[in-house]
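Quick look at target.cif (mmCIF, C-alpha atoms):
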data_entry
loop_
_atom_site.group_PDB
_atom_site.id
_atom_site.type_symbol
_atom_site.label_atom_id
_atom_site.label_comp_id
_atom_site.auth_asym_id
_atom_site.auth_seq_id
_atom_site.Cartn_x
_atom_site.Cartn_y
_atom_site.Cartn_z
ATOM 1 C CA MET A 25 15.176 14.126 -6.230
ATOM 2 C CA GLN A 26 15.038 10.694 -7.881
ATOM 3 C CA PRO A 27 15.162 7.286 -6.143
ATOM 4 C CA THR A 28 17.673 4.503 -6.738
ATOM 5 C CA GLN A 29 16.218 1.195 -7.900
ATOM 6 C CA ARG A 30 17.324 -1.947 -6.071
ATOM 7 C CA ARG A 31 16.496 -5.627 -6.586
ATOM 8 C CA ILE A 32 16.329 -7.734 -3.420
ATOM 9 C CA SER A 33 15.311 -11.360 -2.846
ATOM 10 C CA GLY A 34 12.004 -11.762 -1.073
ATOM 11 C CA LEU A 35 10.329 -14.912 0.219
ATOM 12 C CA ASP A 36 11.402 -18.069 -1.658
ATOM 13 C CA GLY A 37 13.818 -15.979 -3.713
ATOM 14 C CA LEU A 38 11.130 -13.950 -5.500
ATOM 15 C CA GLU A 39 12.720 -10.704 -6.686
ATOM 16 C CA ILE A 40 11.364 -7.557 -5.039
ATOM 17 C CA ASN A 41 11.953 -4.139 -6.578
ATOM 18 C CA VAL A 42 12.699 -1.362 -4.065
ATOM 19 C CA LEU A 43 12.935 2.382 -4.650
ATOM 20 C CA GLU A 44 15.441 3.922 -2.247
ATOM 21 C CA TRP A 45 14.975 7.675 -1.934
ATOM 22 C CA SER A 46 17.700 8.301 0.648
ATOM 23 C CA THR A 47 20.307 6.347 2.565
ATOM 24 C CA GLU A 48 20.702 8.117 5.923
ATOM 25 C CA GLY A 49 18.639 8.009 9.103
ATOM 26 C CA THR A 50 16.058 5.654 10.564
ATOM 27 C CA PRO A 51 14.357 3.723 7.744
ATOM 28 C CA LEU A 52 10.851 4.859 6.820
ATOM 29 C CA VAL A 53 9.197 2.255 4.611
ATOM 30 C CA PHE A 54 6.139 2.980 2.452
ATOM 31 C CA VAL A 55 4.006 -0.066 1.531
ATOM 32 C CA HIS A 56 1.502 0.460 -1.285
ATOM 33 C CA GLY A 57 -1.968 -0.981 -1.770
ATOM 34 C CA PHE A 58 -3.531 -3.409 -4.227
ATOM 35 C CA ALA A 59 -3.031 -2.653 -7.957
ATOM 36 C CA ASN A 60 -0.657 0.231 -7.154
ATOM 37 C CA ASP A 61 3.119 0.182 -6.841
ATOM 38 C CA ALA A 62 5.942 2.086 -5.148
ATOM 39 C CA HIS A 63 5.364 5.119 -7.392
ATOM 40 C CA VAL A 64 2.145 6.081 -5.578
ATOM 41 C CA TRP A 65 4.484 7.591 -2.973
ATOM 42 C CA ASP A 66 6.490 9.715 -5.450
ATOM 43 C CA ASP A 67 4.826 12.976 -4.345
ATOM 44 C CA VAL A 68 5.232 12.144 -0.656
ATOM 45 C CA ALA A 69 8.621 10.455 -0.267
ATOM 46 C CA PRO A 70 10.784 13.570 -0.912
ATOM 47 C CA ALA A 71 9.072 15.374 2.000
ATOM 48 C CA VAL A 72 10.614 12.955 4.507
ATOM 49 C CA ALA A 73 13.706 11.769 2.608
ATOM 50 C CA THR A 74 15.952 14.421 4.166
ATOM 51 C CA HIS A 75 15.111 13.106 7.646
ATOM 52 C CA TYR A 76 14.721 9.343 7.091
ATOM 53 C CA ARG A 77 16.124 6.574 4.940
ATOM 54 C CA VAL A 78 13.085 6.233 2.690
ATOM 55 C CA LEU A 79 12.334 2.877 1.048
ATOM 56 C CA CYS A 80 9.378 1.987 -1.186
ATOM 57 C CA PRO A 81 9.046 -1.655 -2.287
ATOM 58 C CA ASP A 82 6.837 -2.973 -5.076
ATOM 59 C CA MET A 83 4.843 -5.798 -3.531
ATOM 60 C CA ARG A 84 4.987 -9.190 -5.259
ATOM 61 C CA GLY A 85 3.000 -9.249 -8.493
ATOM 62 C CA HIS A 86 3.004 -5.444 -8.646
ATOM 63 C CA GLY A 87 5.197 -2.951 -10.477
ATOM 64 C CA ASP A 88 8.674 -4.232 -11.274
ATOM 65 C CA SER A 89 8.712 -6.989 -8.649
ATOM 66 C CA GLY A 90 8.522 -10.660 -9.563
ATOM 67 C CA ARG A 91 5.303 -12.584 -10.147
ATOM 68 C CA ASP A 92 4.757 -15.678 -8.041
ATOM 69 C CA PRO A 93 4.347 -18.771 -10.247
ATOM 70 C CA GLU A 94 1.839 -20.216 -7.770
ATOM 71 C CA ALA A 95 -0.049 -16.905 -7.472
ATOM 72 C CA ALA A 96 0.744 -16.771 -3.742
ATOM 73 C CA TYR A 97 -0.486 -13.249 -3.053
ATOM 74 C CA ASP A 98 -1.726 -13.783 0.479
ATOM 75 C CA PRO A 99 -0.835 -11.475 3.411
ATOM 76 C CA ASP A 100 1.605 -14.015 4.867
ATOM 77 C CA SER A 101 3.646 -14.156 1.668
ATOM 78 C CA MET A 102 3.703 -10.397 1.281
ATOM 79 C CA THR A 103 4.722 -9.931 4.908
ATOM 80 C CA GLY A 104 7.431 -12.530 4.346
ATOM 81 C CA ASP A 105 8.741 -10.507 1.413
ATOM 82 C CA LEU A 106 8.884 -7.397 3.576
ATOM 83 C CA GLU A 107 10.770 -9.302 6.270
ATOM 84 C CA CYS A 108 13.306 -10.588 3.746
ATOM 85 C CA VAL A 109 13.842 -7.171 2.182
ATOM 86 C CA LEU A 110 14.318 -5.380 5.494
ATOM 87 C CA ASP A 111 16.632 -8.107 6.797
ATOM 88 C CA ALA A 112 18.719 -7.883 3.601
ATOM 89 C CA LEU A 113 18.982 -4.120 4.049
ATOM 90 C CA GLY A 114 20.052 -4.491 7.683
ATOM 91 C CA VAL A 115 17.022 -2.658 9.069
ATOM 92 C CA GLU A 116 16.848 -2.948 12.862
ATOM 93 C CA ARG A 117 14.308 -0.219 13.628
ATOM 94 C CA LEU A 118 11.850 1.518 11.332
ATOM 95 C CA VAL A 119 8.700 3.505 10.729
ATOM 96 C CA LEU A 120 6.136 1.731 8.539
ATOM 97 C CA VAL A 121 3.582 3.576 6.410
ATOM 98 C CA GLY A 122 1.070 1.219 4.787
ATOM 99 C CA HIS A 123 -1.922 1.982 2.560
ATOM 100 C CA SER A 124 -4.876 -0.396 2.109
ATOM 101 C CA MET A 125 -3.433 -3.868 1.363
ATOM 102 C CA GLY A 126 -0.039 -2.493 2.380
ATOM 103 C CA GLY A 127 -1.568 -1.315 5.634
ATOM 104 C CA GLY A 128 -2.631 -4.858 6.433
ATOM 105 C CA VAL A 129 0.874 -6.113 5.656
ATOM 106 C CA SER A 130 2.350 -3.358 7.849
ATOM 107 C CA ILE A 131 0.086 -4.240 10.783
ATOM 108 C CA ARG A 132 1.036 -7.883 10.388
ATOM 109 C CA TYR A 133 4.747 -7.013 10.316
ATOM 110 C CA ALA A 134 4.365 -4.833 13.424
ATOM 111 C CA GLY A 135 2.702 -7.714 15.247
ATOM 112 C CA ARG A 136 5.580 -10.035 14.400
ATOM 113 C CA HIS A 137 8.363 -7.536 15.126
ATOM 114 C CA PRO A 138 7.211 -5.109 17.836
ATOM 115 C CA GLU A 139 10.818 -4.531 18.955
ATOM 116 C CA LYS A 140 11.667 -3.042 15.545
ATOM 117 C CA MET A 141 8.797 -0.580 15.360
ATOM 118 C CA ALA A 142 9.543 3.117 15.902
ATOM 119 C CA GLY A 143 6.188 4.151 14.459
ATOM 120 C CA LEU A 144 3.258 2.889 12.389
ATOM 121 C CA VAL A 145 1.089 4.875 9.981
ATOM 122 C CA ILE A 146 -2.050 3.064 8.811
ATOM 123 C CA VAL A 147 -3.532 4.688 5.729
ATOM 124 C CA ASP A 148 -7.240 4.136 5.108
ATOM 125 C CA THR A 149 -7.529 0.536 6.151
ATOM 126 C CA ALA A 150 -8.410 -1.561 9.191
ATOM 127 C CA PRO A 151 -8.729 -5.237 10.135
ATOM 128 C CA GLU A 152 -12.378 -4.919 9.062
ATOM 129 C CA THR A 153 -13.233 -2.695 6.113
ATOM 130 C CA ASP A 154 -16.397 -1.359 4.497
ATOM 131 C CA ARG A 155 -17.993 -3.812 2.069
ATOM 132 C CA ARG A 156 -18.838 -0.958 -0.329
ATOM 133 C CA GLY A 157 -15.194 -0.324 -1.069
ATOM 134 C CA ALA A 158 -14.455 -3.980 -1.739
ATOM 135 C CA LEU A 159 -17.316 -4.103 -4.239
ATOM 136 C CA ARG A 160 -16.052 -0.946 -5.960
ATOM 137 C CA ILE A 161 -12.538 -2.344 -6.300
ATOM 138 C CA GLY A 162 -13.947 -5.564 -7.773
ATOM 139 C CA LEU A 163 -15.942 -3.543 -10.327
ATOM 140 C CA ASP A 164 -12.836 -1.515 -11.174
ATOM 141 C CA MET A 165 -10.981 -4.735 -11.926
ATOM 142 C CA GLN A 166 -13.861 -5.982 -14.099
ATOM 143 C CA GLN A 167 -13.714 -2.755 -16.113
ATOM 144 C CA SER A 168 -9.946 -2.901 -16.470
ATOM 145 C CA SER A 169 -8.119 -4.589 -19.307
ATOM 146 C CA HIS A 170 -4.630 -6.055 -19.051
ATOM 147 C CA SER A 171 -3.504 -4.261 -22.210
ATOM 148 C CA TYR A 172 -4.260 -0.977 -23.981
ATOM 149 C CA ASP A 173 -3.718 0.573 -27.398
ATOM 150 C CA SER A 174 -2.106 3.627 -25.840
ATOM 151 C CA ILE A 175 -1.128 5.190 -22.539
ATOM 152 C CA ALA A 176 -3.890 7.742 -23.097
ATOM 153 C CA ASP A 177 -6.510 4.968 -23.152
ATOM 154 C CA TYR A 178 -5.365 3.751 -19.760
ATOM 155 C CA GLU A 179 -5.183 7.296 -18.431
ATOM 156 C CA ARG A 180 -8.862 7.788 -19.285
ATOM 157 C CA LEU A 181 -9.745 4.643 -17.316
ATOM 158 C CA LEU A 182 -7.730 5.879 -14.321
ATOM 159 C CA ALA A 183 -9.615 9.191 -14.462
ATOM 160 C CA ARG A 184 -12.874 7.266 -13.940
ATOM 161 C CA GLN A 185 -11.447 5.076 -11.180
ATOM 162 C CA TYR A 186 -9.684 7.945 -9.360
ATOM 163 C CA PRO A 187 -12.107 10.868 -9.881
ATOM 164 C CA VAL A 188 -10.535 13.148 -7.236
ATOM 165 C CA THR A 189 -6.865 12.560 -8.092
ATOM 166 C CA PRO A 190 -5.228 15.425 -10.053
ATOM 167 C CA ALA A 191 -4.897 14.756 -13.792
ATOM 168 C CA GLY A 192 -1.131 15.319 -13.722
ATOM 169 C CA THR A 193 -0.701 12.611 -11.095
ATOM 170 C CA LEU A 194 -2.762 10.132 -13.115
ATOM 171 C CA SER A 195 -0.761 10.939 -16.259
ATOM 172 C CA ARG A 196 2.482 10.159 -14.416
ATOM 173 C CA LEU A 197 1.112 6.922 -12.924
ATOM 174 C CA ALA A 198 -0.268 5.744 -16.269
ATOM 175 C CA ARG A 199 3.239 5.887 -17.708
ATOM 176 C CA VAL A 200 4.924 3.975 -14.870
ATOM 177 C CA TRP A 201 2.161 1.387 -14.378
ATOM 178 C CA LEU A 202 2.404 0.203 -18.003
ATOM 179 C CA ARG A 203 5.102 -1.450 -20.103
ATOM 180 C CA GLN A 204 5.138 -1.577 -23.905
ATOM 181 C CA ARG A 205 5.042 -4.967 -25.606
ATOM 182 C CA GLU A 206 6.727 -5.996 -28.825
ATOM 183 C CA ASP A 207 3.395 -5.677 -30.676
ATOM 184 C CA GLY A 208 3.210 -2.002 -29.678
ATOM 185 C CA ARG A 209 0.383 -2.345 -27.152
ATOM 186 C CA PHE A 210 0.825 -1.388 -23.521
ATOM 187 C CA GLU A 211 0.190 -3.856 -20.712
ATOM 188 C CA LEU A 212 -0.202 -3.447 -16.980
ATOM 189 C CA LYS A 213 2.730 -4.419 -14.790
ATOM 190 C CA LEU A 214 0.167 -5.976 -12.430
ATOM 191 C CA ASP A 215 0.068 -9.788 -12.542
ATOM 192 C CA PRO A 216 -3.143 -10.827 -14.392
ATOM 193 C CA ASN A 217 -3.746 -13.470 -11.702
ATOM 194 C CA LEU A 218 -4.217 -10.681 -9.174
ATOM 195 C CA MET A 219 -6.705 -8.933 -11.454
ATOM 196 C CA LYS A 220 -8.722 -12.126 -11.989
ATOM 197 C CA ARG A 221 -8.800 -12.875 -8.276
ATOM 198 C CA HIS A 222 -10.258 -9.485 -7.373
ATOM 199 C CA ALA A 223 -12.561 -9.198 -10.374
ATOM 200 C CA SER A 224 -14.258 -12.561 -9.804
ATOM 201 C CA GLY A 225 -15.606 -11.669 -6.389
ATOM 202 C CA SER A 226 -15.840 -15.371 -5.539
ATOM 203 C CA VAL A 227 -14.491 -16.367 -2.137
ATOM 204 C CA SER A 228 -14.038 -19.968 -1.049
ATOM 205 C CA GLN A 229 -14.681 -21.192 2.475
ATOM 206 C CA ALA A 230 -10.931 -21.562 2.916
ATOM 207 C CA ASP A 231 -10.463 -17.926 1.849
ATOM 208 C CA GLU A 232 -13.157 -16.821 4.310
ATOM 209 C CA ARG A 233 -11.456 -18.696 7.145
ATOM 210 C CA ALA A 234 -8.104 -17.164 6.194
ATOM 211 C CA ARG A 235 -9.654 -13.682 6.169
ATOM 212 C CA ASP A 236 -11.265 -14.195 9.568
ATOM 213 C CA GLU A 237 -7.946 -15.366 10.996
ATOM 214 C CA ALA A 238 -6.158 -12.392 9.414
ATOM 215 C CA LYS A 239 -8.669 -9.999 11.016
ATOM 216 C CA LYS A 240 -8.080 -11.524 14.449
ATOM 217 C CA LEU A 241 -4.304 -11.301 14.050
ATOM 218 C CA GLN A 242 -4.490 -7.661 12.955
ATOM 219 C CA TRP A 243 -6.736 -6.605 15.844
ATOM 220 C CA LEU A 244 -4.417 -8.397 18.270
ATOM 221 C CA ALA A 245 -1.357 -6.739 16.726
ATOM 222 C CA LEU A 246 -2.983 -3.323 17.096
ATOM 223 C CA GLU A 247 -3.951 -4.002 20.723
ATOM 224 C CA GLN A 248 -0.353 -4.921 21.545
ATOM 225 C CA LEU A 249 1.294 -2.132 19.565
ATOM 226 C CA SER A 250 3.847 -0.353 21.749
ATOM 227 C CA CYS A 251 5.045 2.334 19.296
ATOM 228 C CA PRO A 252 3.204 5.564 18.426
ATOM 229 C CA ALA A 253 0.671 5.165 15.636
ATOM 230 C CA LEU A 254 -1.222 7.397 13.239
ATOM 231 C CA VAL A 255 -4.424 6.355 11.469
ATOM 232 C CA ILE A 256 -5.100 8.391 8.321
ATOM 233 C CA ARG A 257 -8.573 8.285 6.791
ATOM 234 C CA GLY A 258 -9.888 9.919 3.637
ATOM 235 C CA ALA A 259 -12.995 11.921 4.530
ATOM 236 C CA ALA A 260 -14.877 10.359 1.595
ATOM 237 C CA SER A 261 -13.427 6.851 2.009
ATOM 238 C CA ASP A 262 -15.608 3.863 1.178
ATOM 239 C CA ILE A 263 -13.086 1.478 2.786
ATOM 240 C CA LEU A 264 -12.447 2.827 6.295
ATOM 241 C CA ASP A 265 -15.652 4.067 7.911
ATOM 242 C CA PRO A 266 -15.567 6.730 10.676
ATOM 243 C CA GLU A 267 -16.731 4.346 13.401
ATOM 244 C CA THR A 268 -13.966 1.828 12.754
ATOM 245 C CA ALA A 269 -11.325 4.558 12.575
ATOM 246 C CA ASP A 270 -12.508 5.937 15.914
ATOM 247 C CA LYS A 271 -12.497 2.443 17.437
ATOM 248 C CA MET A 272 -8.903 1.874 16.326
ATOM 249 C CA VAL A 273 -7.687 5.110 17.884
ATOM 250 C CA ASP A 274 -9.901 5.383 20.966
ATOM 251 C CA GLU A 275 -10.305 1.749 22.024
ATOM 252 C CA VAL A 276 -7.680 -0.518 20.463
ATOM 253 C CA ILE A 277 -4.292 1.053 19.751
ATOM 254 C CA PRO A 278 -2.637 2.202 23.014
ATOM 255 C CA ASN A 279 -0.903 5.305 21.601
ATOM 256 C CA ALA A 280 -2.617 6.508 18.437
ATOM 257 C CA LYS A 281 -3.899 9.621 16.709
ATOM 258 C CA LEU A 282 -6.407 10.036 13.891
ATOM 259 C CA ALA A 283 -6.058 12.360 10.905
ATOM 260 C CA VAL A 284 -9.021 12.784 8.551
ATOM 261 C CA ILE A 285 -7.963 14.195 5.190
ATOM 262 C CA PRO A 286 -10.532 16.401 3.418
ATOM 263 C CA ARG A 287 -11.222 16.123 -0.315
ATOM 264 C CA ALA A 288 -9.900 12.554 -0.348
ATOM 265 C CA GLY A 289 -11.332 9.096 -0.824
ATOM 266 C CA HIS A 290 -9.566 5.799 -0.245
ATOM 267 C CA SER A 291 -6.415 6.764 -2.163
ATOM 268 C CA VAL A 292 -5.614 9.542 0.264
ATOM 269 C CA MET A 293 -2.018 10.214 -0.811
ATOM 270 C CA LEU A 294 -3.131 10.597 -4.444
ATOM 271 C CA ASP A 295 -6.358 12.523 -3.896
ATOM 272 C CA ASN A 296 -4.960 15.193 -1.565
ATOM 273 C CA PRO A 297 -1.174 14.806 -1.406
ATOM 274 C CA GLU A 298 -0.538 18.134 0.319
ATOM 275 C CA GLU A 299 -2.833 17.448 3.262
ATOM 276 C CA PHE A 300 -1.573 13.869 3.426
ATOM 277 C CA LYS A 301 2.027 15.087 3.573
ATOM 278 C CA ARG A 302 1.120 17.568 6.288
ATOM 279 C CA ALA A 303 -0.451 14.868 8.474
ATOM 280 C CA LEU A 304 2.424 12.461 7.871
ATOM 281 C CA CYS A 305 5.137 15.046 8.560
ATOM 282 C CA ASP A 306 3.412 16.248 11.716
ATOM 283 C CA PHE A 307 3.610 12.665 12.959
ATOM 284 C CA VAL A 308 7.065 11.524 11.824
ATOM 285 C CA LEU A 309 8.906 14.857 12.133
ATOM 286 C CA GLY A 310 7.214 16.126 15.278
#

Target encoding structure tokens, full file:
Amino acid sequence: MQPTQRRISGLDGLEINVLEWSTEGTPLVFVHGFANDAHVWDDVAPAVATHYRVLCPDMRGHGDSGRDPEAAYDPDSMTGDLECVLDALGVERLVLVGHSMGGGVSIRYAGRHPEKMAGLVIVDTAPETDRRGALRIGLDMQQSSHSYDSIADYERLLARQYPVTPAGTLSRLARVWLRQREDGRFELKLDPNLMKRHASGSVSQADERARDEAKKLQWLALEQLSCPALVIRGAASDILDPETADKMVDEVIPNAKLAVIPRAGHSVMLDNPEEFKRALCDFVLG
């Protein structure tokens, strides 16, 4: 099974690339995390594509989607893109599955459109995340280059950054996350402005205020969530700690379950795709 590629206008006309795995049923939309793209769901999407209309967008600045000339990569803009894409596709009711950054966007969308939500799956993220993971991601960006002599060079870097992910998966992702330039080198499809922002580690007071406001909005959205929800955490995650995951399920979200995936860190769907698929299918297929 191979997806169809579609180009849809996002916020302010920015072009968003969408992989459409199937066309029948209630839409199930996968939203990837920072520095990934829609292809992180390639091993998972076929498992639900016979039951749902499966859609996987590349977020702005990622993959084959457009790059914002003003480097507007804030949660509001990304949520706006998702709204535009789903409106253009005529989506009235859906299940959202969001990982990391995409999980924050999915929570934000659910808070804005509770009447459209049939289900929400939050993958290894929360309104407040573990500082250790943020530091690791910043270091990963510092170690990354925007271009490489070969795909193999980039694959070796991915092997260090994703130590639990199977080698075959990393080989596939290395090919789709790069594009070849006229000079023969390979460059990341990720906007360099996104890399610089995360590698610098510097946060302005305005950024801190925006983050605090985003946290409040996400907690409020989770408190008011009326659809069933599943929180998925990697057992070795350095982003979503056990206490926060338990708080989300036991104290905040009205109708939620928790699935802890063994042999997985933050990138749960890459580290242990079989167990991730099992938890997801148990939730969305019943």

Evaluate the PyMOL selection byres ((chain A and resi 72) around 10) and record the selected residues as an MDAnalysis selection string, following the chain and residue labels used in the document.
chainID A and resid 45:46 52 68:71 73:78 301 304:305 308:309

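Put simply, the PyMOL selection byres ((chain A and resi 39-43) around 8) on this file hits Pro27, Thr28, Gln29, Arg30, Arg31, Ile32, Ser33, Gly34, Gly37, Leu38, Glu44, Trp45, Ala62, Leu79, Cys80, Pro81, Asp82, Met83, Arg84, Gly87, Asp88, Ser89, Gly90, Asp105 and Val109 of chain A.
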
For a quick check of your reading of the model, name the residues lying within 12 Å of the coordinate (2.8, -19.0, -10.7), counting only C-alpha atoms, and write them as a CSV table (one decimal) with C-alpha atoms, keeping the file's coordinate frame.
chain,number,residue,atom,x,y,z
A,38,LEU,CA,11.1,-14.0,-5.5
A,84,ARG,CA,5.0,-9.2,-5.3
A,85,GLY,CA,3.0,-9.2,-8.5
A,90,GLY,CA,8.5,-10.7,-9.6
A,91,ARG,CA,5.3,-12.6,-10.1
A,92,ASP,CA,4.8,-15.7,-8.0
A,93,PRO,CA,4.3,-18.8,-10.2
A,94,GLU,CA,1.8,-20.2,-7.8
A,95,ALA,CA,0.0,-16.9,-7.5
A,96,ALA,CA,0.7,-16.8,-3.7
A,97,TYR,CA,-0.5,-13.2,-3.1
A,215,ASP,CA,0.1,-9.8,-12.5
A,216,PRO,CA,-3.1,-10.8,-14.4
A,217,ASN,CA,-3.7,-13.5,-11.7
A,218,LEU,CA,-4.2,-10.7,-9.2

Once the PyMOL selection byres ((chain A and resi 254-256) around 7) has been evaluated on this model, what residues remain selected, and can you format them as an mmCIF file with C-alpha atoms, in the frame of the given file?
data_model
loop_
_atom_site.group_PDB
_atom_site.id
_atom_site.type_symbol
_atom_site.label_atom_id
_atom_site.label_comp_id
_atom_site.auth_asym_id
_atom_site.auth_seq_id
_atom_site.Cartn_x
_atom_site.Cartn_y
_atom_site.Cartn_z
ATOM 1 C CA LEU A 144 3.258 2.889 12.389
ATOM 2 C CA VAL A 145 1.089 4.875 9.981
ATOM 3 C CA ILE A 146 -2.050 3.064 8.811
ATOM 4 C CA VAL A 147 -3.532 4.688 5.729
ATOM 5 C CA ASP A 148 -7.240 4.136 5.108
ATOM 6 C CA ALA A 253 0.671 5.165 15.636
ATOM 7 C CA ARG A 257 -8.573 8.285 6.791
ATOM 8 C CA GLY A 258 -9.888 9.919 3.637
ATOM 9 C CA ALA A 280 -2.617 6.508 18.437
ATOM 10 C CA LYS A 281 -3.899 9.621 16.709
ATOM 11 C CA LEU A 282 -6.407 10.036 13.891
ATOM 12 C CA ALA A 283 -6.058 12.360 10.905
ATOM 13 C CA VAL A 284 -9.021 12.784 8.551
#

Among A:Val53, A:Val64, A:Ala134, A:Ala59, Leu110 (chain A) is approached most closely, using all atoms listed in the file, by A:Val53

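Nearest residue to Pro266 (chain A), choosing from A:Thr153, A:Gln166, A:Tyr172, A:Val200 and counting only C-alpha atoms: A:Thr153.
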
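Distances here use all atoms listed in the file; by that measure, the residue among A:Ala198, A:Leu264, A:Met219, A:Arg203 closest to Ser168 (chain A) is A:Met219.
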
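Each of A:Pro190, A:Ala142, A:Arg117, A:Tyr178 was compared to Ser250 (chain A) using all atoms listed in the file, and A:Ala142 turns out to be the nearest.
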
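Of note, CA of Arg155 (chain A) and CA of Thr193 (chain A) are spaced 27.2 Å apart.
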
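Proximity ranking of A:Trp243, A:Phe58, A:Phe307, A:Phe300 relative to Asp164 (chain A) places A:Phe58 first, based on all atoms listed in the file.
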
Record the distance separating CA of Ile131 (chain A) and CA of Glu298 (chain A), expressed in Å with one decimal.
24.7 Å
